[in-house]
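Participant: Next comes the structure file work.cif, holding mmCIF, C-alpha atoms.
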```
data_input
#
loop_
_atom_site.label_atom_id
_atom_site.label_comp_id
_atom_site.auth_asym_id
_atom_site.auth_seq_id
_atom_site.Cartn_x
_atom_site.Cartn_y
_atom_site.Cartn_z
CA MET E 1 -43.23 -43.91 9.10
CA THR E 2 -41.51 -47.17 10.02
CA ILE E 3 -38.06 -48.66 9.53
CA THR E 4 -39.72 -51.51 7.64
CA GLN E 5 -41.16 -49.04 5.12
CA LEU E 6 -37.74 -47.44 4.66
CA TYR E 7 -36.20 -50.91 4.18
CA TYR E 8 -38.77 -51.62 1.45
CA VAL E 9 -37.96 -48.29 -0.23
CA LEU E 10 -34.26 -49.18 -0.30
CA ALA E 11 -35.05 -52.58 -1.80
CA VAL E 12 -37.10 -51.06 -4.63
CA ALA E 13 -34.45 -48.38 -5.24
CA GLU E 14 -31.82 -51.10 -5.58
CA ASN E 15 -33.80 -53.52 -7.75
CA GLN E 16 -35.85 -50.94 -9.71
CA ASN E 17 -38.70 -53.41 -9.60
CA PHE E 18 -41.41 -54.00 -6.98
CA THR E 19 -41.64 -57.76 -7.55
CA LYS E 20 -37.89 -58.34 -7.22
CA ALA E 21 -37.77 -56.09 -4.16
CA ALA E 22 -40.58 -58.06 -2.52
CA GLU E 23 -38.73 -61.34 -3.15
CA LYS E 24 -35.62 -59.92 -1.54
CA CYS E 25 -37.61 -58.75 1.48
CA PHE E 26 -39.49 -62.08 1.74
CA VAL E 27 -42.92 -60.43 1.52
CA THR E 28 -45.64 -60.41 -1.10
CA GLN E 29 -45.52 -57.73 -3.76
CA PRO E 30 -48.91 -56.23 -2.72
CA THR E 31 -47.70 -55.94 0.90
CA LEU E 32 -44.52 -54.12 -0.13
CA SER E 33 -46.37 -51.83 -2.57
CA MET E 34 -49.01 -50.98 0.02
CA GLN E 35 -46.42 -50.00 2.65
CA ILE E 36 -44.52 -47.77 0.22
CA GLN E 37 -47.79 -46.18 -0.91
CA LYS E 38 -48.68 -45.48 2.73
CA LEU E 39 -45.33 -43.75 3.23
CA GLU E 40 -45.78 -41.67 0.08
CA ASP E 41 -49.29 -40.69 1.20
CA GLU E 42 -48.00 -39.71 4.65
CA LEU E 43 -45.28 -37.52 3.09
CA SER E 44 -47.54 -36.23 0.28
CA ILE E 45 -44.88 -36.94 -2.34
CA GLN E 46 -43.91 -39.64 -4.84
CA ILE E 47 -40.69 -41.52 -4.09
CA PHE E 48 -40.78 -43.54 -7.31
CA ASP E 49 -41.74 -42.69 -10.87
CA ARG E 50 -43.75 -45.80 -11.72
CA SER E 51 -44.28 -44.72 -15.34
CA LYS E 52 -40.61 -45.44 -16.12
CA LYS E 53 -39.35 -48.90 -17.01
CA PRO E 54 -37.38 -49.77 -15.01
CA ILE E 55 -38.79 -47.79 -12.11
CA GLU E 56 -36.81 -44.65 -11.27
CA LEU E 57 -36.49 -42.48 -8.19
CA THR E 58 -37.95 -38.99 -8.33
CA ASP E 59 -35.71 -36.07 -7.36
CA VAL E 60 -37.06 -36.02 -3.83
CA GLY E 61 -36.97 -39.83 -3.82
CA ASN E 62 -33.19 -39.73 -4.31
CA LYS E 63 -32.85 -37.55 -1.21
CA ILE E 64 -35.18 -39.80 0.79
CA VAL E 65 -33.22 -42.93 -0.15
CA THR E 66 -29.97 -41.33 1.06
CA GLN E 67 -31.54 -40.53 4.42
CA ALA E 68 -33.36 -43.87 4.61
CA ARG E 69 -30.06 -45.70 4.18
CA ASN E 70 -28.60 -43.78 7.12
CA ILE E 71 -31.63 -44.53 9.30
CA VAL E 72 -31.73 -48.25 8.46
CA ASN E 73 -27.98 -48.58 9.07
CA GLU E 74 -28.30 -46.82 12.40
CA SER E 75 -31.17 -49.12 13.40
CA TYR E 76 -28.80 -52.08 13.02
CA ARG E 77 -26.70 -50.55 15.80
CA ILE E 78 -29.21 -51.78 18.38
CA GLN E 79 -28.43 -55.40 17.54
CA ASP E 80 -24.74 -54.48 17.44
CA ILE E 81 -24.95 -53.08 20.96
CA VAL E 82 -26.64 -56.27 22.20
CA ASP E 83 -24.12 -58.52 20.43
CA GLN E 84 -21.15 -56.62 21.84
CA GLN E 85 -22.65 -56.65 25.33
CA LYS E 86 -23.00 -60.42 25.12
CA GLY E 87 -19.56 -60.81 23.54
CA TYR E 88 -21.23 -62.50 20.58
CA ILE E 89 -19.25 -62.78 17.35
CA GLY E 90 -21.54 -64.29 14.75
CA GLY E 91 -24.07 -63.78 11.97
CA GLU E 92 -23.68 -62.96 8.30
CA PHE E 93 -20.71 -60.82 7.30
CA LYS E 94 -20.13 -59.66 3.72
CA LEU E 95 -16.47 -59.15 2.83
CA GLY E 96 -15.00 -57.83 -0.42
CA ILE E 97 -11.38 -58.44 -1.48
CA ILE E 98 -9.50 -56.92 -4.43
CA PRO E 99 -8.24 -59.39 -7.10
CA THR E 100 -4.51 -58.91 -6.40
CA VAL E 101 -5.00 -59.78 -2.71
CA MET E 102 -7.71 -62.48 -2.86
CA PRO E 103 -5.69 -65.50 -4.12
CA THR E 104 -2.77 -65.02 -1.73
CA LEU E 105 -4.23 -63.64 1.51
CA LEU E 106 -7.56 -65.53 1.66
CA PRO E 107 -6.04 -69.05 1.90
CA MET E 108 -3.73 -67.76 4.63
CA PHE E 109 -6.46 -66.64 7.05
CA LEU E 110 -9.82 -68.20 6.06
CA LYS E 111 -9.40 -71.61 7.72
CA ASN E 112 -8.06 -70.02 10.90
CA PHE E 113 -10.93 -67.53 11.05
CA ILE E 114 -13.64 -70.15 10.50
CA LYS E 115 -12.11 -72.36 13.18
CA LYS E 116 -11.84 -69.50 15.67
CA HIS E 117 -15.24 -67.92 14.91
CA PRO E 118 -17.57 -70.70 13.68
CA LYS E 119 -20.73 -68.63 14.24
CA VAL E 120 -19.73 -66.05 11.61
CA LYS E 121 -21.14 -66.76 8.15
CA LEU E 122 -18.67 -65.14 5.78
CA LYS E 123 -19.84 -64.17 2.30
CA ILE E 124 -16.75 -63.23 0.28
CA GLU E 125 -16.62 -61.53 -3.12
CA GLU E 126 -13.70 -60.59 -5.36
CA LEU E 127 -14.28 -56.97 -6.40
CA THR E 128 -12.36 -54.00 -7.77
CA THR E 129 -11.66 -51.07 -5.46
CA ASP E 130 -14.33 -48.93 -7.15
CA GLU E 131 -16.93 -51.69 -6.68
CA ILE E 132 -15.91 -52.13 -3.04
CA ILE E 133 -16.26 -48.42 -2.24
CA ALA E 134 -19.71 -48.26 -3.85
CA ARG E 135 -20.96 -51.37 -2.04
CA ILE E 136 -19.66 -50.28 1.35
CA LYS E 137 -21.43 -46.94 0.95
CA ASP E 138 -24.65 -48.67 -0.18
CA GLY E 139 -24.55 -51.09 2.75
CA HIS E 140 -24.00 -54.16 0.56
CA LEU E 141 -20.60 -54.91 2.09
CA ASP E 142 -19.71 -54.94 5.77
CA ALA E 143 -15.98 -54.58 5.14
CA ALA E 144 -13.29 -55.17 2.54
CA ILE E 145 -9.57 -55.71 2.07
CA ALA E 146 -8.04 -53.26 -0.38
CA ALA E 147 -4.97 -51.18 -1.18
CA THR E 148 -5.00 -47.87 0.66
CA PRO E 149 -5.04 -44.96 1.39
CA LEU E 150 -8.38 -44.24 -0.30
CA GLU E 151 -8.88 -40.74 1.12
CA ASP E 152 -12.66 -41.20 1.32
CA ASN E 153 -14.40 -39.58 4.31
CA ALA E 154 -17.16 -42.20 4.32
CA ILE E 155 -14.70 -45.08 4.80
CA LYS E 156 -12.40 -45.96 7.69
CA GLU E 157 -9.15 -47.88 7.23
CA ARG E 158 -7.15 -50.21 9.47
CA VAL E 159 -3.73 -51.05 8.04
CA LEU E 160 -3.04 -54.79 7.96
CA TYR E 161 0.40 -54.88 6.33
CA TYR E 162 2.75 -53.29 3.82
CA GLU E 163 3.39 -55.55 0.83
CA PRO E 164 6.61 -54.92 -1.13
CA PHE E 165 6.82 -54.92 -4.92
CA VAL E 166 9.08 -57.61 -6.41
CA SER E 167 10.45 -57.48 -9.97
CA TYR E 168 9.91 -60.50 -12.21
CA ILE E 169 12.60 -60.35 -14.89
CA PRO E 170 13.08 -63.17 -17.45
CA LYS E 171 16.56 -64.38 -18.42
CA ASN E 172 16.63 -62.58 -21.78
CA HIS E 173 15.94 -59.19 -20.18
CA LYS E 174 18.65 -56.54 -19.81
CA LEU E 175 18.08 -56.29 -16.05
CA HIS E 176 18.15 -60.03 -15.32
CA THR E 177 21.81 -60.03 -14.26
CA ASN E 178 21.24 -57.33 -11.65
CA LYS E 179 21.10 -58.90 -8.19
CA LYS E 180 18.95 -56.07 -6.83
CA ILE E 181 16.92 -53.51 -8.73
CA ASP E 182 16.99 -49.78 -8.24
CA ILE E 183 13.62 -48.15 -8.89
CA SER E 184 15.36 -45.68 -11.22
CA GLU E 185 15.98 -48.60 -13.62
CA LEU E 186 12.27 -49.21 -14.22
CA ASP E 187 10.81 -48.32 -17.61
CA VAL E 188 7.02 -48.47 -17.84
CA ASN E 189 7.24 -48.89 -21.62
CA ASP E 190 9.09 -52.17 -21.08
CA MET E 191 6.69 -53.49 -18.46
CA LEU E 192 3.73 -55.85 -18.56
CA LEU E 193 0.81 -54.44 -16.60
CA LEU E 194 -2.53 -55.52 -15.26
CA GLU E 195 -5.44 -54.16 -17.28
CA ASP E 196 -7.17 -50.94 -16.31
CA GLY E 197 -9.26 -51.13 -13.14
CA HIS E 198 -6.69 -52.91 -10.95
CA CYS E 199 -5.27 -50.82 -8.13
CA PHE E 200 -1.95 -52.73 -8.24
CA ARG E 201 -1.51 -51.47 -11.81
CA ASP E 202 -2.08 -47.94 -10.52
CA GLY E 203 0.56 -48.46 -7.85
CA VAL E 204 3.08 -49.49 -10.52
CA LEU E 205 2.22 -46.46 -12.67
CA ASN E 206 2.52 -44.26 -9.60
CA LEU E 207 5.99 -45.65 -8.94
CA CYS E 208 7.06 -44.94 -12.51
CA LYS E 209 5.56 -41.45 -12.45
CA ALA E 210 7.52 -40.74 -9.30
CA LEU E 211 10.61 -41.45 -11.41
CA LYS E 212 9.34 -38.99 -14.04
CA THR E 213 9.01 -41.87 -16.50
CA GLN E 214 5.84 -40.77 -18.23
CA PRO E 215 3.71 -43.74 -19.32
CA GLU E 216 2.27 -43.69 -22.79
CA GLU E 217 -1.46 -44.13 -23.39
CA GLN E 218 -0.98 -47.57 -24.95
CA PHE E 219 1.13 -50.26 -23.32
CA GLN E 220 2.81 -53.18 -25.00
CA LEU E 221 0.54 -55.70 -23.32
CA GLU E 222 -2.02 -55.83 -20.51
CA SER E 223 -3.64 -58.75 -18.73
CA GLY E 224 -6.38 -59.44 -16.20
CA SER E 225 -4.31 -61.74 -13.97
CA ILE E 226 -0.87 -61.79 -12.40
CA GLU E 227 -0.38 -65.44 -13.41
CA THR E 228 -0.81 -64.45 -17.06
CA LEU E 229 1.73 -61.63 -16.66
CA ILE E 230 4.28 -64.17 -15.40
CA LYS E 231 3.67 -66.45 -18.38
CA LEU E 232 3.91 -63.57 -20.86
CA SER E 233 7.12 -62.42 -19.22
CA ASP E 234 8.54 -65.94 -19.55
CA GLU E 235 7.81 -65.68 -23.27
CA GLY E 236 10.16 -62.70 -23.47
CA LEU E 237 7.50 -60.01 -23.81
CA GLY E 238 8.84 -57.84 -20.99
CA MET E 239 9.32 -57.69 -17.24
CA THR E 240 6.61 -57.17 -14.64
CA LEU E 241 6.15 -56.36 -10.96
CA LEU E 242 4.48 -58.71 -8.48
CA PRO E 243 3.00 -58.23 -5.00
CA TYR E 244 5.34 -59.98 -2.53
CA LEU E 245 2.78 -62.57 -1.32
CA HIS E 246 2.36 -63.79 -4.91
CA THR E 247 6.02 -64.78 -4.97
CA LEU E 248 5.65 -67.28 -2.11
CA ASP E 249 3.80 -69.87 -4.21
CA ILE E 250 5.57 -69.71 -7.57
CA ASN E 251 7.72 -72.66 -8.70
CA GLU E 252 11.50 -72.92 -8.38
CA LYS E 253 12.13 -72.10 -12.05
CA GLU E 254 10.09 -68.90 -11.77
CA LYS E 255 11.84 -67.95 -8.53
CA ASP E 256 15.08 -67.59 -10.53
CA ASN E 257 13.46 -64.58 -12.22
CA LEU E 258 12.60 -62.76 -8.98
CA HIS E 259 14.65 -59.64 -8.28
CA TYR E 260 14.15 -57.65 -5.11
CA PHE E 261 14.53 -53.89 -4.87
CA LYS E 262 17.30 -52.09 -3.10
CA GLU E 263 16.17 -50.77 0.25
CA PRO E 264 13.92 -49.03 0.96
CA SER E 265 11.76 -51.42 -1.04
CA PRO E 266 8.66 -49.82 -2.60
CA ALA E 267 5.43 -51.33 -1.28
CA ARG E 268 1.68 -50.96 -1.16
CA GLU E 269 -0.42 -50.49 1.95
CA VAL E 270 -3.16 -53.14 2.40
CA SER E 271 -5.95 -52.38 4.85
CA LEU E 272 -9.23 -53.63 6.25
CA ILE E 273 -11.78 -50.97 5.31
CA TYR E 274 -15.36 -50.38 6.46
CA HIS E 275 -18.08 -47.73 6.65
CA LYS E 276 -17.66 -44.85 9.09
CA SER E 277 -20.89 -45.99 10.82
CA GLU E 278 -18.75 -48.81 12.30
CA LEU E 279 -21.36 -51.56 12.22
CA LYS E 280 -20.33 -55.13 13.17
CA MET E 281 -17.08 -53.89 14.71
CA GLN E 282 -16.68 -57.03 16.79
CA ILE E 283 -16.37 -59.10 13.60
CA ILE E 284 -14.12 -56.51 11.91
CA GLU E 285 -11.78 -56.61 14.91
CA ALA E 286 -11.83 -60.41 14.95
CA LEU E 287 -10.89 -60.44 11.24
CA GLN E 288 -8.09 -57.98 11.85
CA ASP E 289 -6.64 -60.06 14.69
CA VAL E 290 -6.64 -63.28 12.66
CA ILE E 291 -5.14 -61.66 9.54
CA LEU E 292 -2.42 -59.87 11.51
CA GLY E 293 -1.55 -63.16 13.15
CA VAL E 294 -0.94 -64.97 9.86
CA VAL E 295 0.77 -62.23 7.84
CA ARG E 296 3.13 -61.09 10.59
CA GLY E 297 5.63 -63.81 9.75
CA ALA E 298 4.91 -63.96 6.01
CA ILE E 299 6.29 -60.55 5.06
CA ALA E 300 9.90 -60.27 6.14
CA PHE E 301 10.40 -56.73 4.83
CA GLN E 302 10.35 -53.90 7.35
CA ASP E 303 11.92 -50.91 5.58
CA VAL E 304 9.32 -50.19 2.90
CA GLN E 305 8.16 -47.18 0.97
CA ILE E 306 4.38 -46.96 0.52
CA ILE E 307 3.14 -46.55 -3.05
CA SER E 308 -0.37 -45.13 -2.94
CA PRO E 309 -2.82 -46.39 -5.60
CA LEU E 310 -4.39 -42.93 -5.71
CA ALA E 311 -1.62 -40.88 -7.23
CA SER E 312 -2.37 -42.02 -10.78
CA GLY E 313 -5.97 -40.93 -10.36
CA LYS E 314 -7.45 -44.46 -10.43
CA LYS E 315 -8.35 -47.21 -7.98
#
```
Please express the file's structure as structure tokens.

Facilitator:
Amino acid sequence: MTITQLYYVLAVAENQNFTKAAEKCFVTQPTLSMQIQKLEDELSIQIFDRSKKPIELTDVGNKIVTQARNIVNESYRIQDIVDQQKGYIGGEFKLGIIPTVMPTLLPMFLKNFIKKHPKVKLKIEELTTDEIIARIKDGHLDAAIAATPLEDNAIKERVLYYEPFVSYIPKNHKLHTNKKIDISELDVNDMLLLEDGHCFRDGVLNLCKALKTQPEEQFQLESGSIETLIKLSDEGLGMTLLPYLHTLDINEKEKDNLHYFKEPSPAREVSLIYHKSELKMQIIEALQDVILGVVRGAIAFQDVQIISPLASGKK
């Protein structure tokens, strides 16, 4: 049994196709098939059910893939040890970022990080929290930036900052004249929300549930982007809540509709998350240092109340 064979098994399990797996591994399909067959012969079992289209794992194959993933990940530690000994910060690094953080935080730190660590090849994807968790566990992401806490034993979290909620209230709304908003004044049935699957939406629902304002199953209107929520609010369709960093780039007319909360301001926790195996920690720590450096002065709020995205049962 070799690590290469286990790597080939993982590739087939992911792609459910020997040809696609071989392309990913940069080997010929006969070479990959032969190595997997040798492993199956050695173990006297079948890892894959080749009669199915697409190919499926057998029951024992599922268990083998879980263990193979652990072994392959652990084998990467050898290169990690060498890199850390040499003080080398470089190579490919796959980073996921949730949609409500990506457009505001990424422009703040990306240029600085590239300049400081030119040998790191960042591959960045915008993903939902559920997608991020799955990909970190499967080894397809090295780290991610997401709202926390996640309360997942397989994932470690390093808090980057606490981002306050800010109310966006158009002029025709009953709360527009209030200089500061008390969270008790929020009504989820009068609020524009992000569509299901966004953790910021869950944070808003959590805040409203904490006030014992029970949300109905159907909302007045939902959208996939915060920019659309602002435009719909301007049309008089309701108020909405924004992450604080989104308020830094809106125009002067829109800023007139921003209303901050009375202290303590509710906020979400945003963290750098990664697998408990702690691979590529030198790059994770470099990312953390750069991000902390740029956000430290951007968020002026100190007295904040964390709104967990978990309390509503979604991520």

Participant: Select, from E:Lys180, E:Lys253, E:Arg158, E:Lys38, the residue with the minimum atom-to-atom distance to E:Met281, counting only C-alpha atoms.

Facilitator: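 Using only C-alpha atoms, the shortest distance to E:Met281 belongs to E:Arg158.
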
Participant: Using all atoms listed in the file, pick whichever of E:Asn189, E:Ser184, E:Asn257, E:Thr28 has the shortest atom-to-atom distance to E:Ile169.

Facilitator: E:Asn257

Participant: What does the structure give for the distance between atom CA of E:Leu39 and atom CA of E:Asp138, in Å to one decimal?

Facilitator: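 A separation of 21.5 Å between them.
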
Participant: If you apply the PyMOL selection byres ((chain E and resi 40-42) around 12) to this file, what residues do you get, as an MDAnalysis selection string?

Facilitator: chainID E and resid 1:2 5:6 9 33:39 43:49 58 60:61 64

Participant: Could you check how far atom CA of E:Gly236 sits from atom CA of E:Thr104, in Å to one decimal?

Facilitator: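 The value is 25.4 Å.
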
Participant: Name the residues captured by the PyMOL selection byres ((chain E and resi 139-143) around 8) when it is applied to the shown file; answer as a ChimeraX atom specification.

Facilitator: /E:69,73,93-96,132,135-138,144-145,272-275,279-280,284

Participant: What separation in Å, quoted to one decimal, exists between atom CA of E:Thr247 and atom CA of E:Asp289?

Facilitator: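 Atom-to-atom, atom CA of E:Thr247 and atom CA of E:Asp289 are spaced 23.9 Å apart.
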
Participant: Put a box with edges along x, y and z around all the listed atoms of stretch 188-191 of chain E, pad it by 6 Å on each side, then give me its centre and sizes in Å, one decimal, as AutoDock Vina command-line options.

Facilitator:
```
--center_x 7.9 --center_y -51.0 --center_z -19.7 --size_x 14.4 --size_y 17.0 --size_z 15.8
```

Participant: E:Ala134, E:Val120, E:Val12, E:Ala154: which is nearest E:Asn62, counting all atoms listed in the file?

Facilitator: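 Counting all atoms listed in the file, the residue closest to E:Asn62 is E:Val12.
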
Participant: For stretch 17-23 of chain E, list every protein, DNA or RNA residue within 9 Å, evaluated using all atoms listed in the file, and leave out those in the same chain fewer than 5 positions away; present the list as number ranges by chain.

Facilitator: E: 8-12, 28-33, 53-55

Participant: Name the residues captured by the PyMOL selection byres ((chain E and resi 163) around 6) when it is applied to the shown file; answer as a list in words.

Facilitator: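 Expected selection for the PyMOL selection byres ((chain E and resi 163) around 6) here is Tyr162, Pro164, Tyr244, Ala267 and Arg268 of chain E.
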
Participant: Find, counting only C-alpha atoms, the residue in E:Tyr260, E:Phe26, E:Tyr88, E:Phe109 that gets nearest to E:Tyr168.

Facilitator: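 Checking each candidate against E:Tyr168, we get E:Tyr260 as the closest.
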
Participant: Using only C-alpha atoms, which of E:Met102, E:Ile250, E:Leu237, E:Ala146 sits nearest E:Ser271?

Facilitator: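 Answer, going by the shortest atom-to-atom distance: E:Ala146.
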